[in-house]
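File shown: upload18.txt (compact mmCIF, N, CA and C atoms).
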```txt
# COMPACT_ATOMS: atom_id res chain seq x y z
N MET A 23 -113.31 -138.70 96.70
CA MET A 23 -113.36 -138.35 98.11
C MET A 23 -114.19 -139.39 98.86
N ASP A 24 -113.64 -139.98 99.87
CA ASP A 24 -114.30 -140.93 100.73
C ASP A 24 -115.50 -140.26 101.39
N SER A 25 -116.61 -141.00 101.59
CA SER A 25 -117.80 -140.39 102.19
C SER A 25 -117.54 -139.88 103.60
N SER A 26 -116.53 -140.44 104.29
CA SER A 26 -116.21 -139.93 105.62
C SER A 26 -115.51 -138.57 105.54
N ASP A 27 -114.99 -138.24 104.35
CA ASP A 27 -114.34 -136.95 104.15
C ASP A 27 -115.31 -135.86 103.74
N VAL A 28 -116.55 -136.24 103.44
CA VAL A 28 -117.54 -135.27 102.98
C VAL A 28 -118.06 -134.47 104.17
N ILE A 29 -118.07 -133.17 104.01
CA ILE A 29 -118.67 -132.31 105.02
C ILE A 29 -120.11 -132.08 104.61
N ARG A 30 -121.02 -132.56 105.44
CA ARG A 30 -122.45 -132.42 105.13
C ARG A 30 -123.00 -131.19 105.83
N VAL A 31 -123.77 -130.43 105.07
CA VAL A 31 -124.38 -129.20 105.57
C VAL A 31 -125.89 -129.32 105.40
N LEU A 32 -126.61 -129.05 106.46
CA LEU A 32 -128.08 -129.04 106.42
C LEU A 32 -128.54 -127.59 106.41
N LEU A 33 -129.29 -127.25 105.39
CA LEU A 33 -129.84 -125.90 105.23
C LEU A 33 -131.31 -125.96 105.61
N VAL A 34 -131.69 -125.20 106.64
CA VAL A 34 -133.05 -125.27 107.18
C VAL A 34 -133.73 -123.92 107.00
N GLY A 35 -134.85 -123.92 106.28
CA GLY A 35 -135.56 -122.66 106.06
C GLY A 35 -136.84 -122.89 105.28
N ASP A 36 -137.45 -121.80 104.87
CA ASP A 36 -138.73 -121.92 104.16
C ASP A 36 -138.56 -122.12 102.66
N SER A 37 -137.37 -121.84 102.13
CA SER A 37 -137.18 -121.93 100.68
C SER A 37 -135.72 -122.23 100.35
N PRO A 38 -135.48 -123.18 99.46
CA PRO A 38 -134.09 -123.45 99.04
C PRO A 38 -133.45 -122.21 98.37
N GLN A 39 -134.27 -121.35 97.78
CA GLN A 39 -133.75 -120.16 97.11
C GLN A 39 -133.05 -119.22 98.08
N SER A 40 -133.43 -119.23 99.34
CA SER A 40 -132.80 -118.34 100.31
C SER A 40 -131.36 -118.77 100.61
N PHE A 41 -130.97 -119.94 100.12
CA PHE A 41 -129.62 -120.45 100.36
C PHE A 41 -128.78 -120.52 99.08
N LEU A 42 -129.24 -119.96 97.99
CA LEU A 42 -128.54 -120.14 96.71
C LEU A 42 -127.06 -119.75 96.78
N LEU A 43 -126.76 -118.57 97.28
CA LEU A 43 -125.37 -118.11 97.30
C LEU A 43 -124.51 -118.92 98.26
N ILE A 44 -125.02 -119.14 99.45
CA ILE A 44 -124.22 -119.87 100.44
C ILE A 44 -124.06 -121.33 100.03
N ARG A 45 -125.08 -121.89 99.40
CA ARG A 45 -124.97 -123.27 98.92
C ARG A 45 -123.90 -123.38 97.85
N GLU A 46 -123.87 -122.42 96.94
CA GLU A 46 -122.84 -122.41 95.89
C GLU A 46 -121.44 -122.32 96.51
N LEU A 47 -121.29 -121.43 97.49
CA LEU A 47 -120.02 -121.27 98.18
C LEU A 47 -119.58 -122.58 98.85
N LEU A 48 -120.51 -123.23 99.54
CA LEU A 48 -120.20 -124.47 100.25
C LEU A 48 -119.89 -125.61 99.28
N GLU A 49 -120.66 -125.72 98.21
CA GLU A 49 -120.44 -126.81 97.25
C GLU A 49 -119.11 -126.63 96.52
N LYS A 50 -118.69 -125.38 96.28
CA LYS A 50 -117.36 -125.14 95.69
C LYS A 50 -116.25 -125.63 96.60
N ARG A 51 -116.51 -125.66 97.89
CA ARG A 51 -115.52 -126.14 98.87
C ARG A 51 -115.64 -127.65 99.10
N GLY A 52 -116.51 -128.30 98.33
CA GLY A 52 -116.64 -129.75 98.43
C GLY A 52 -117.67 -130.24 99.42
N CYS A 53 -118.47 -129.34 99.96
CA CYS A 53 -119.51 -129.73 100.91
C CYS A 53 -120.71 -130.33 100.18
N GLU A 54 -121.39 -131.23 100.86
CA GLU A 54 -122.62 -131.81 100.36
C GLU A 54 -123.77 -131.14 101.11
N CYS A 55 -124.63 -130.44 100.39
CA CYS A 55 -125.71 -129.66 101.03
C CYS A 55 -127.06 -130.34 100.85
N HIS A 56 -127.85 -130.30 101.91
CA HIS A 56 -129.21 -130.84 101.91
C HIS A 56 -130.13 -129.76 102.45
N PHE A 57 -131.35 -129.71 101.94
CA PHE A 57 -132.32 -128.71 102.38
C PHE A 57 -133.47 -129.37 103.11
N ALA A 58 -133.92 -128.72 104.20
CA ALA A 58 -135.11 -129.15 104.93
C ALA A 58 -136.03 -127.95 105.10
N GLY A 59 -137.28 -128.11 104.69
CA GLY A 59 -138.25 -127.02 104.80
C GLY A 59 -139.24 -127.21 105.93
N SER A 60 -139.03 -128.24 106.75
CA SER A 60 -139.91 -128.47 107.90
C SER A 60 -139.12 -129.20 108.98
N LEU A 61 -139.63 -129.16 110.19
CA LEU A 61 -138.98 -129.87 111.28
C LEU A 61 -139.02 -131.38 111.04
N GLU A 62 -140.10 -131.84 110.42
CA GLU A 62 -140.20 -133.27 110.07
C GLU A 62 -139.10 -133.65 109.09
N ALA A 63 -138.85 -132.80 108.10
CA ALA A 63 -137.78 -133.07 107.13
C ALA A 63 -136.41 -133.06 107.81
N VAL A 64 -136.21 -132.14 108.77
CA VAL A 64 -134.96 -132.11 109.54
C VAL A 64 -134.78 -133.45 110.25
N ASN A 65 -135.80 -133.91 110.94
CA ASN A 65 -135.72 -135.19 111.66
C ASN A 65 -135.40 -136.34 110.71
N ASN A 66 -136.05 -136.38 109.55
CA ASN A 66 -135.80 -137.45 108.58
C ASN A 66 -134.35 -137.43 108.09
N LEU A 67 -133.84 -136.25 107.78
CA LEU A 67 -132.45 -136.15 107.30
C LEU A 67 -131.45 -136.49 108.40
N LEU A 68 -131.75 -136.12 109.64
CA LEU A 68 -130.85 -136.45 110.75
C LEU A 68 -130.80 -137.96 111.00
N ARG A 69 -131.86 -138.67 110.64
CA ARG A 69 -131.85 -140.13 110.77
C ARG A 69 -130.97 -140.76 109.69
N LEU A 70 -130.85 -140.09 108.55
CA LEU A 70 -130.07 -140.64 107.43
C LEU A 70 -128.58 -140.33 107.52
N TRP A 71 -128.25 -139.11 107.92
CA TRP A 71 -126.86 -138.66 107.88
C TRP A 71 -126.48 -137.89 109.13
N ARG A 72 -125.17 -137.81 109.34
CA ARG A 72 -124.60 -136.94 110.36
C ARG A 72 -124.21 -135.64 109.65
N PHE A 73 -124.67 -134.52 110.17
CA PHE A 73 -124.36 -133.23 109.57
C PHE A 73 -123.31 -132.52 110.41
N ASP A 74 -122.35 -131.91 109.73
CA ASP A 74 -121.28 -131.18 110.40
C ASP A 74 -121.70 -129.74 110.69
N ILE A 75 -122.46 -129.17 109.77
CA ILE A 75 -122.88 -127.77 109.87
C ILE A 75 -124.37 -127.69 109.56
N VAL A 76 -125.09 -126.92 110.36
CA VAL A 76 -126.52 -126.68 110.12
C VAL A 76 -126.72 -125.17 110.09
N LEU A 77 -127.33 -124.70 109.01
CA LEU A 77 -127.60 -123.28 108.84
C LEU A 77 -129.11 -123.09 108.77
N SER A 78 -129.63 -122.21 109.60
CA SER A 78 -131.06 -121.98 109.68
C SER A 78 -131.38 -120.52 109.39
N THR A 79 -132.41 -120.29 108.57
CA THR A 79 -132.85 -118.93 108.29
C THR A 79 -134.06 -118.54 109.11
N HIS A 80 -134.45 -119.38 110.06
CA HIS A 80 -135.65 -119.12 110.86
C HIS A 80 -136.87 -119.01 109.96
N GLY A 81 -136.82 -119.64 108.81
CA GLY A 81 -137.90 -119.50 107.86
C GLY A 81 -139.00 -120.53 107.98
N ILE A 82 -138.83 -121.51 108.85
CA ILE A 82 -139.89 -122.51 108.99
C ILE A 82 -140.89 -122.00 110.01
N PRO A 83 -142.13 -121.78 109.56
CA PRO A 83 -143.14 -121.32 110.52
C PRO A 83 -143.35 -122.36 111.63
N SER A 84 -143.66 -121.90 112.76
CA SER A 84 -144.05 -122.70 113.93
C SER A 84 -142.94 -123.56 114.52
N TYR A 85 -141.69 -123.22 114.28
CA TYR A 85 -140.65 -123.93 115.02
C TYR A 85 -139.66 -122.91 115.54
N PRO A 86 -139.32 -123.00 116.78
CA PRO A 86 -138.30 -122.11 117.33
C PRO A 86 -136.91 -122.71 117.11
N ILE A 87 -135.91 -121.88 117.13
CA ILE A 87 -134.54 -122.35 116.97
C ILE A 87 -134.20 -123.37 118.05
N GLN A 88 -134.87 -123.27 119.21
CA GLN A 88 -134.62 -124.21 120.29
C GLN A 88 -134.93 -125.65 119.88
N ALA A 89 -135.85 -125.84 118.93
CA ALA A 89 -136.15 -127.18 118.45
C ALA A 89 -134.92 -127.78 117.77
N LEU A 90 -134.22 -126.98 116.98
CA LEU A 90 -132.99 -127.45 116.34
C LEU A 90 -131.90 -127.69 117.37
N VAL A 91 -131.80 -126.79 118.34
CA VAL A 91 -130.81 -126.96 119.40
C VAL A 91 -131.05 -128.29 120.11
N GLY A 92 -132.30 -128.59 120.41
CA GLY A 92 -132.62 -129.85 121.08
C GLY A 92 -132.23 -131.06 120.25
N LEU A 93 -132.42 -130.98 118.95
CA LEU A 93 -132.09 -132.10 118.07
C LEU A 93 -130.58 -132.28 117.89
N LEU A 94 -129.84 -131.18 117.95
CA LEU A 94 -128.41 -131.21 117.63
C LEU A 94 -127.48 -131.21 118.84
N SER A 95 -127.99 -130.86 120.01
CA SER A 95 -127.15 -130.83 121.22
C SER A 95 -126.53 -132.20 121.44
N GLY A 96 -125.25 -132.21 121.75
CA GLY A 96 -124.55 -133.46 121.99
C GLY A 96 -124.01 -134.11 120.73
N SER A 97 -124.36 -133.58 119.57
CA SER A 97 -123.82 -134.10 118.31
C SER A 97 -122.51 -133.37 118.02
N ASP A 98 -121.95 -133.61 116.86
CA ASP A 98 -120.75 -132.88 116.45
C ASP A 98 -121.09 -131.67 115.58
N ALA A 99 -122.37 -131.38 115.42
CA ALA A 99 -122.80 -130.32 114.50
C ALA A 99 -122.60 -128.92 115.08
N SER A 100 -122.29 -128.01 114.17
CA SER A 100 -122.26 -126.58 114.51
C SER A 100 -123.47 -125.94 113.86
N LEU A 101 -124.22 -125.18 114.64
CA LEU A 101 -125.47 -124.57 114.19
C LEU A 101 -125.33 -123.05 114.18
N PHE A 102 -125.73 -122.46 113.07
CA PHE A 102 -125.77 -121.00 112.92
C PHE A 102 -127.17 -120.62 112.48
N SER A 103 -127.64 -119.50 112.99
CA SER A 103 -128.97 -119.00 112.66
C SER A 103 -128.86 -117.63 112.02
N SER A 104 -129.60 -117.41 110.97
CA SER A 104 -129.58 -116.14 110.27
C SER A 104 -130.62 -115.19 110.86
N LEU A 105 -130.22 -113.94 110.99
CA LEU A 105 -131.11 -112.91 111.49
C LEU A 105 -131.18 -111.80 110.46
N ARG A 106 -132.37 -111.56 109.92
CA ARG A 106 -132.53 -110.50 108.93
C ARG A 106 -132.37 -109.14 109.58
N VAL A 107 -131.61 -108.29 108.94
CA VAL A 107 -131.45 -106.90 109.38
C VAL A 107 -131.75 -106.01 108.19
N GLU A 108 -131.75 -104.73 108.41
CA GLU A 108 -132.15 -103.79 107.37
C GLU A 108 -131.46 -104.04 106.03
N GLU A 109 -130.15 -104.23 106.06
CA GLU A 109 -129.42 -104.46 104.82
C GLU A 109 -128.73 -105.82 104.87
N GLY A 110 -129.45 -106.86 104.56
CA GLY A 110 -128.87 -108.19 104.53
C GLY A 110 -129.23 -109.02 105.74
N SER A 111 -128.23 -109.72 106.27
CA SER A 111 -128.47 -110.56 107.43
C SER A 111 -127.20 -110.72 108.24
N TRP A 112 -127.39 -111.10 109.49
CA TRP A 112 -126.29 -111.45 110.37
C TRP A 112 -126.44 -112.93 110.67
N TRP A 113 -125.33 -113.59 110.92
CA TRP A 113 -125.35 -114.99 111.31
C TRP A 113 -124.97 -115.10 112.77
N LEU A 114 -125.77 -115.84 113.51
CA LEU A 114 -125.56 -116.00 114.94
C LEU A 114 -125.10 -117.43 115.24
N PRO A 115 -123.94 -117.60 115.86
CA PRO A 115 -123.53 -118.95 116.27
C PRO A 115 -124.40 -119.42 117.43
N VAL A 116 -124.90 -120.64 117.33
CA VAL A 116 -125.78 -121.18 118.36
C VAL A 116 -125.13 -122.41 119.01
N LEU A 117 -124.60 -123.32 118.20
CA LEU A 117 -123.90 -124.50 118.70
C LEU A 117 -122.55 -124.63 117.99
N GLN A 118 -121.54 -125.01 118.73
CA GLN A 118 -120.23 -125.34 118.14
C GLN A 118 -119.94 -126.78 118.55
N CYS A 119 -119.90 -127.66 117.57
CA CYS A 119 -119.68 -129.09 117.83
C CYS A 119 -120.66 -129.64 118.87
N GLY A 120 -121.92 -129.24 118.75
CA GLY A 120 -122.98 -129.77 119.60
C GLY A 120 -123.11 -129.11 120.96
N LYS A 121 -122.26 -128.12 121.26
CA LYS A 121 -122.33 -127.42 122.56
C LYS A 121 -122.75 -125.99 122.34
N GLU A 122 -123.54 -125.45 123.28
CA GLU A 122 -124.00 -124.07 123.15
C GLU A 122 -122.82 -123.14 122.97
N SER A 123 -122.97 -122.23 122.02
CA SER A 123 -121.85 -121.36 121.67
C SER A 123 -122.39 -120.02 121.20
N TYR A 124 -123.19 -119.39 122.02
CA TYR A 124 -123.75 -118.11 121.63
C TYR A 124 -122.63 -117.08 121.59
N GLY A 125 -122.45 -116.48 120.45
CA GLY A 125 -121.39 -115.49 120.29
C GLY A 125 -121.93 -114.27 119.59
N PRO A 126 -121.05 -113.37 119.22
CA PRO A 126 -121.50 -112.15 118.56
C PRO A 126 -122.06 -112.44 117.16
N ALA A 127 -122.96 -111.58 116.73
CA ALA A 127 -123.51 -111.68 115.38
C ALA A 127 -122.40 -111.44 114.36
N LEU A 128 -122.45 -112.19 113.27
CA LEU A 128 -121.43 -112.11 112.24
C LEU A 128 -122.00 -111.51 110.96
N THR A 129 -121.28 -110.57 110.38
CA THR A 129 -121.68 -110.07 109.07
C THR A 129 -121.44 -111.17 108.04
N VAL A 130 -121.91 -110.98 106.83
CA VAL A 130 -121.74 -111.99 105.79
C VAL A 130 -120.26 -112.28 105.56
N GLY A 131 -119.43 -111.26 105.51
CA GLY A 131 -117.99 -111.46 105.31
C GLY A 131 -117.36 -112.22 106.47
N GLU A 132 -117.70 -111.84 107.69
CA GLU A 132 -117.17 -112.53 108.87
C GLU A 132 -117.64 -113.99 108.90
N PHE A 133 -118.90 -114.20 108.54
CA PHE A 133 -119.46 -115.55 108.54
C PHE A 133 -118.75 -116.43 107.51
N SER A 134 -118.45 -115.86 106.36
CA SER A 134 -117.73 -116.61 105.33
C SER A 134 -116.37 -117.07 105.86
N ARG A 135 -115.67 -116.21 106.58
CA ARG A 135 -114.37 -116.59 107.15
C ARG A 135 -114.55 -117.66 108.23
N VAL A 136 -115.59 -117.54 109.04
CA VAL A 136 -115.87 -118.54 110.08
C VAL A 136 -116.15 -119.90 109.42
N LEU A 137 -116.93 -119.91 108.34
CA LEU A 137 -117.21 -121.16 107.63
C LEU A 137 -115.92 -121.77 107.07
N ASP A 138 -115.06 -120.93 106.51
CA ASP A 138 -113.77 -121.43 106.00
C ASP A 138 -112.96 -122.07 107.12
N ASP A 139 -112.88 -121.41 108.28
CA ASP A 139 -112.13 -121.95 109.42
C ASP A 139 -112.76 -123.25 109.92
N LEU A 140 -114.08 -123.28 110.00
CA LEU A 140 -114.79 -124.47 110.46
C LEU A 140 -114.57 -125.63 109.48
N HIS A 141 -114.61 -125.34 108.20
CA HIS A 141 -114.36 -126.33 107.16
C HIS A 141 -112.98 -126.96 107.34
N ARG A 142 -111.96 -126.12 107.50
CA ARG A 142 -110.59 -126.61 107.71
C ARG A 142 -110.49 -127.44 108.98
N GLN A 143 -111.11 -126.97 110.07
CA GLN A 143 -111.07 -127.66 111.35
C GLN A 143 -111.70 -129.06 111.23
N ILE A 144 -112.83 -129.15 110.56
CA ILE A 144 -113.51 -130.43 110.41
C ILE A 144 -112.63 -131.40 109.63
N LEU A 145 -112.01 -130.94 108.55
CA LEU A 145 -111.16 -131.83 107.75
C LEU A 145 -109.92 -132.28 108.53
N ILE A 146 -109.36 -131.41 109.34
CA ILE A 146 -108.18 -131.76 110.14
C ILE A 146 -108.53 -132.82 111.17
N GLU A 147 -109.70 -132.69 111.78
CA GLU A 147 -110.10 -133.61 112.84
C GLU A 147 -110.50 -134.98 112.33
N ARG A 148 -110.65 -135.13 111.05
CA ARG A 148 -111.05 -136.44 110.49
C ARG A 148 -109.87 -137.29 110.20
```
Can you turn what I pasted into structure tokens?
Amino acid sequence: MDSSDVIRVLLVGDSPQSFLLIRELLEKRGCECHFAGSLEAVNNLLRLWRFDIVLSTHGIPSYPIQALVGLLSGSDASLFSSLRVEEGSWWLPVLQCGKESYGPALTVGEFSRVLDDLHRQILIER
């Protein structure tokens, strides 16, 4: 696979373990996943690569989601933020291809389908 065909995903949170299942799902689909545990690490990775998808668990202390929005606005990245609820989590769309895209909260199953659709869309557009 040509490096331009690789879908890069940035996982942002306090622990790589919080992304184990979703990382496995994404890597099975051929995505290349990178983890950042601080805003400084996010900045460093954004200097190295262009990311298609960014997933945040809000796990980094002292940074608001707006910091990621500021870094990714105008890029081609789609940003989703995880919100913990009583039984599991919901995923909130924040940016779609670098533009604000606040939509309804997605259950894990709905989010999985959205990721599949986004994955196909990215590959078609390349």
Check your understanding: If we count only N, CA and C atoms, what is near Pro38 in chain A at a cut-off of 8 Å, once residues fewer than 5 positions away on the same chain are taken out, given as a ChimeraX atom specification?
Key -> /A:33,43,57-59
Check your understanding: In Å to one decimal, how far is atom C of Leu145 in chain A from atom C of Glu46 in chain A?
Key ->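 These two atoms are separated by 19.4 Å.
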Study note, to complete from the structure: Using only N, CA and C atoms, the shortest atom-to-atom distance to Arg51 in chain A among A:Ile29, A:Phe102, A:Arg72, A:Gln39 belongs to A:Ile29
Practice item. Write out as number ranges by chain the residues lying within 6.5 Å of Ile75 in chain A, counting only N, CA and C atoms and excluding same-chain residues fewer than 2 positions away. Key: A: 29-33, 73, 77, 98-102
Which of chain A counts as alpha helix (DSSP H) under DSSP, as a JSON list (two decimals) with N, CA and C atoms, keeping the file's coordinate frame please?
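Listed below is the output, part36.json:
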```json
[["chain", "number", "residue", "atom", "x", "y", "z"],
["A", 42, "LEU", "N", -129.24, -119.96, 97.99],
["A", 42, "LEU", "CA", -128.54, -120.14, 96.71],
["A", 42, "LEU", "C", -127.06, -119.75, 96.78],
["A", 43, "LEU", "N", -126.76, -118.57, 97.28],
["A", 43, "LEU", "CA", -125.37, -118.11, 97.30],
["A", 43, "LEU", "C", -124.51, -118.92, 98.26],
["A", 44, "ILE", "N", -125.02, -119.14, 99.45],
["A", 44, "ILE", "CA", -124.22, -119.87, 100.44],
["A", 44, "ILE", "C", -124.06, -121.33, 100.03],
["A", 45, "ARG", "N", -125.08, -121.89, 99.40],
["A", 45, "ARG", "CA", -124.97, -123.27, 98.92],
["A", 45, "ARG", "C", -123.90, -123.38, 97.85],
["A", 46, "GLU", "N", -123.87, -122.42, 96.94],
["A", 46, "GLU", "CA", -122.84, -122.41, 95.89],
["A", 46, "GLU", "C", -121.44, -122.32, 96.51],
["A", 47, "LEU", "N", -121.29, -121.43, 97.49],
["A", 47, "LEU", "CA", -120.02, -121.27, 98.18],
["A", 47, "LEU", "C", -119.58, -122.58, 98.85],
["A", 48, "LEU", "N", -120.51, -123.23, 99.54],
["A", 48, "LEU", "CA", -120.20, -124.47, 100.25],
["A", 48, "LEU", "C", -119.89, -125.61, 99.28],
["A", 49, "GLU", "N", -120.66, -125.72, 98.21],
["A", 49, "GLU", "CA", -120.44, -126.81, 97.25],
["A", 49, "GLU", "C", -119.11, -126.63, 96.52],
["A", 50, "LYS", "N", -118.69, -125.38, 96.28],
["A", 50, "LYS", "CA", -117.36, -125.14, 95.69],
["A", 50, "LYS", "C", -116.25, -125.63, 96.60],
["A", 61, "LEU", "N", -139.63, -129.16, 110.19],
["A", 61, "LEU", "CA", -138.98, -129.87, 111.28],
["A", 61, "LEU", "C", -139.02, -131.38, 111.04],
["A", 62, "GLU", "N", -140.10, -131.84, 110.42],
["A", 62, "GLU", "CA", -140.20, -133.27, 110.07],
["A", 62, "GLU", "C", -139.10, -133.65, 109.09],
["A", 63, "ALA", "N", -138.85, -132.80, 108.10],
["A", 63, "ALA", "CA", -137.78, -133.07, 107.13],
["A", 63, "ALA", "C", -136.41, -133.06, 107.81],
["A", 64, "VAL", "N", -136.21, -132.14, 108.77],
["A", 64, "VAL", "CA", -134.96, -132.11, 109.54],
["A", 64, "VAL", "C", -134.78, -133.45, 110.25],
["A", 65, "ASN", "N", -135.80, -133.91, 110.94],
["A", 65, "ASN", "CA", -135.72, -135.19, 111.66],
["A", 65, "ASN", "C", -135.40, -136.34, 110.71],
["A", 66, "ASN", "N", -136.05, -136.38, 109.55],
["A", 66, "ASN", "CA", -135.80, -137.45, 108.58],
["A", 66, "ASN", "C", -134.35, -137.43, 108.09],
["A", 67, "LEU", "N", -133.84, -136.25, 107.78],
["A", 67, "LEU", "CA", -132.45, -136.15, 107.30],
["A", 67, "LEU", "C", -131.45, -136.49, 108.40],
["A", 68, "LEU", "N", -131.75, -136.12, 109.64],
["A", 68, "LEU", "CA", -130.85, -136.45, 110.75],
["A", 68, "LEU", "C", -130.80, -137.96, 111.00],
["A", 69, "ARG", "N", -131.86, -138.67, 110.64],
["A", 69, "ARG", "CA", -131.85, -140.13, 110.77],
["A", 69, "ARG", "C", -130.97, -140.76, 109.69],
["A", 70, "LEU", "N", -130.85, -140.09, 108.55],
["A", 70, "LEU", "CA", -130.07, -140.64, 107.43],
["A", 70, "LEU", "C", -128.58, -140.33, 107.52],
["A", 87, "ILE", "N", -135.91, -121.88, 117.13],
["A", 87, "ILE", "CA", -134.54, -122.35, 116.97],
["A", 87, "ILE", "C", -134.20, -123.37, 118.05],
["A", 88, "GLN", "N", -134.87, -123.27, 119.21],
["A", 88, "GLN", "CA", -134.62, -124.21, 120.29],
["A", 88, "GLN", "C", -134.93, -125.65, 119.88],
["A", 89, "ALA", "N", -135.85, -125.84, 118.93],
["A", 89, "ALA", "CA", -136.15, -127.18, 118.45],
["A", 89, "ALA", "C", -134.92, -127.78, 117.77],
["A", 90, "LEU", "N", -134.22, -126.98, 116.98],
["A", 90, "LEU", "CA", -132.99, -127.45, 116.34],
["A", 90, "LEU", "C", -131.90, -127.69, 117.37],
["A", 91, "VAL", "N", -131.80, -126.79, 118.34],
["A", 91, "VAL", "CA", -130.81, -126.96, 119.40],
["A", 91, "VAL", "C", -131.05, -128.29, 120.11],
["A", 92, "GLY", "N", -132.30, -128.59, 120.41],
["A", 92, "GLY", "CA", -132.62, -129.85, 121.08],
["A", 92, "GLY", "C", -132.23, -131.06, 120.25],
["A", 93, "LEU", "N", -132.42, -130.98, 118.95],
["A", 93, "LEU", "CA", -132.09, -132.10, 118.07],
["A", 93, "LEU", "C", -130.58, -132.28, 117.89],
["A", 94, "LEU", "N", -129.84, -131.18, 117.95],
["A", 94, "LEU", "CA", -128.41, -131.21, 117.63],
["A", 94, "LEU", "C", -127.48, -131.21, 118.84],
["A", 130, "VAL", "N", -121.91, -110.98, 106.83],
["A", 130, "VAL", "CA", -121.74, -111.99, 105.79],
["A", 130, "VAL", "C", -120.26, -112.28, 105.56],
["A", 131, "GLY", "N", -119.43, -111.26, 105.51],
["A", 131, "GLY", "CA", -117.99, -111.46, 105.31],
["A", 131, "GLY", "C", -117.36, -112.22, 106.47],
["A", 132, "GLU", "N", -117.70, -111.84, 107.69],
["A", 132, "GLU", "CA", -117.17, -112.53, 108.87],
["A", 132, "GLU", "C", -117.64, -113.99, 108.90],
["A", 133, "PHE", "N", -118.90, -114.20, 108.54],
["A", 133, "PHE", "CA", -119.46, -115.55, 108.54],
["A", 133, "PHE", "C", -118.75, -116.43, 107.51],
["A", 134, "SER", "N", -118.45, -115.86, 106.36],
["A", 134, "SER", "CA", -117.73, -116.61, 105.33],
["A", 134, "SER", "C", -116.37, -117.07, 105.86],
["A", 135, "ARG", "N", -115.67, -116.21, 106.58],
["A", 135, "ARG", "CA", -114.37, -116.59, 107.15],
["A", 135, "ARG", "C", -114.55, -117.66, 108.23],
["A", 136, "VAL", "N", -115.59, -117.54, 109.04],
["A", 136, "VAL", "CA", -115.87, -118.54, 110.08],
["A", 136, "VAL", "C", -116.15, -119.90, 109.42],
["A", 137, "LEU", "N", -116.93, -119.91, 108.34],
["A", 137, "LEU", "CA", -117.21, -121.16, 107.63],
["A", 137, "LEU", "C", -115.92, -121.77, 107.07],
["A", 138, "ASP", "N", -115.06, -120.93, 106.51],
["A", 138, "ASP", "CA", -113.77, -121.43, 106.00],
["A", 138, "ASP", "C", -112.96, -122.07, 107.12],
["A", 139, "ASP", "N", -112.88, -121.41, 108.28],
["A", 139, "ASP", "CA", -112.13, -121.95, 109.42],
["A", 139, "ASP", "C", -112.76, -123.25, 109.92],
["A", 140, "LEU", "N", -114.08, -123.28, 110.00],
["A", 140, "LEU", "CA", -114.79, -124.47, 110.46],
["A", 140, "LEU", "C", -114.57, -125.63, 109.48],
["A", 141, "HIS", "N", -114.61, -125.34, 108.20],
["A", 141, "HIS", "CA", -114.36, -126.33, 107.16],
["A", 141, "HIS", "C", -112.98, -126.96, 107.34],
["A", 142, "ARG", "N", -111.96, -126.12, 107.50],
["A", 142, "ARG", "CA", -110.59, -126.61, 107.71],
["A", 142, "ARG", "C", -110.49, -127.44, 108.98],
["A", 143, "GLN", "N", -111.11, -126.97, 110.07],
["A", 143, "GLN", "CA", -111.07, -127.66, 111.35],
["A", 143, "GLN", "C", -111.70, -129.06, 111.23],
["A", 144, "ILE", "N", -112.83, -129.15, 110.56],
["A", 144, "ILE", "CA", -113.51, -130.43, 110.41],
["A", 144, "ILE", "C", -112.63, -131.40, 109.63],
["A", 145, "LEU", "N", -112.01, -130.94, 108.55],
["A", 145, "LEU", "CA", -111.16, -131.83, 107.75],
["A", 145, "LEU", "C", -109.92, -132.28, 108.53],
["A", 146, "ILE", "N", -109.36, -131.41, 109.34],
["A", 146, "ILE", "CA", -108.18, -131.76, 110.14],
["A", 146, "ILE", "C", -108.53, -132.82, 111.17],
["A", 147, "GLU", "N", -109.70, -132.69, 111.78],
["A", 147, "GLU", "CA", -110.10, -133.61, 112.84],
["A", 147, "GLU", "C", -110.50, -134.98, 112.33]]
```
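CA of Val91 in chain A is positioned 8.3 Å from CA of Gly120 in chain A.
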Exercise for review: Select from chain A everything DSSP, run on the backbone, classes as strand (DSSP E), then give the selection as a ChimeraX atom specification.
Suggested key: /A:30-34,54-58,75-78,100-107,110-118,121-122
**Study point:** Nearby residues (all atoms listed in the file) at most 8 Å from Leu105 in chain A, same-chain spacing under 3 positions excluded, as a list in words
**Key:** Ser78, Thr79, His80, Phe102, Glu108, Gly110, Ser111, Trp112, Trp113 and Leu114 of chain A
Review point. Pick from A:Leu117, A:Arg106, A:Asp139, A:Val28: nearest to Glu54 in chain A, with all atoms listed in the file counted?
Key: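 Smallest separation from Glu54 in chain A among the options: A:Val28.
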Practice item. Would you mind reading off the distance between CA of Ile144 in chain A and atom N of Leu47 in chain A, one decimal, in Å? Key: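 Pair CA of Ile144 in chain A / atom N of Leu47 in chain A returns 17.6 Å.
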Point to revise | Nearest to Val34 in chain A, chosen from A:Ala127, A:Ser60, A:Asn66, A:His141, with all atoms listed in the file counted in the distances | key: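 Of all the options, A:Ser60 lies closest to Val34 in chain A.
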Point to revise | Given only C-alpha atoms as the counted atoms, nearest of A:Ala63, A:Asp74, A:Val116, A:Arg45 to Arg142 in chain A | key: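 Of the candidates, the smallest distance to Arg142 in chain A is held by A:Asp74.
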Review point. In file coordinates, which residues lie within 12 Å of (-134.6, -131.9, 116.3) using only C-alpha atoms, given as a ChimeraX atom specification?
Key: /A:34,58,60-69,76,85-97,101
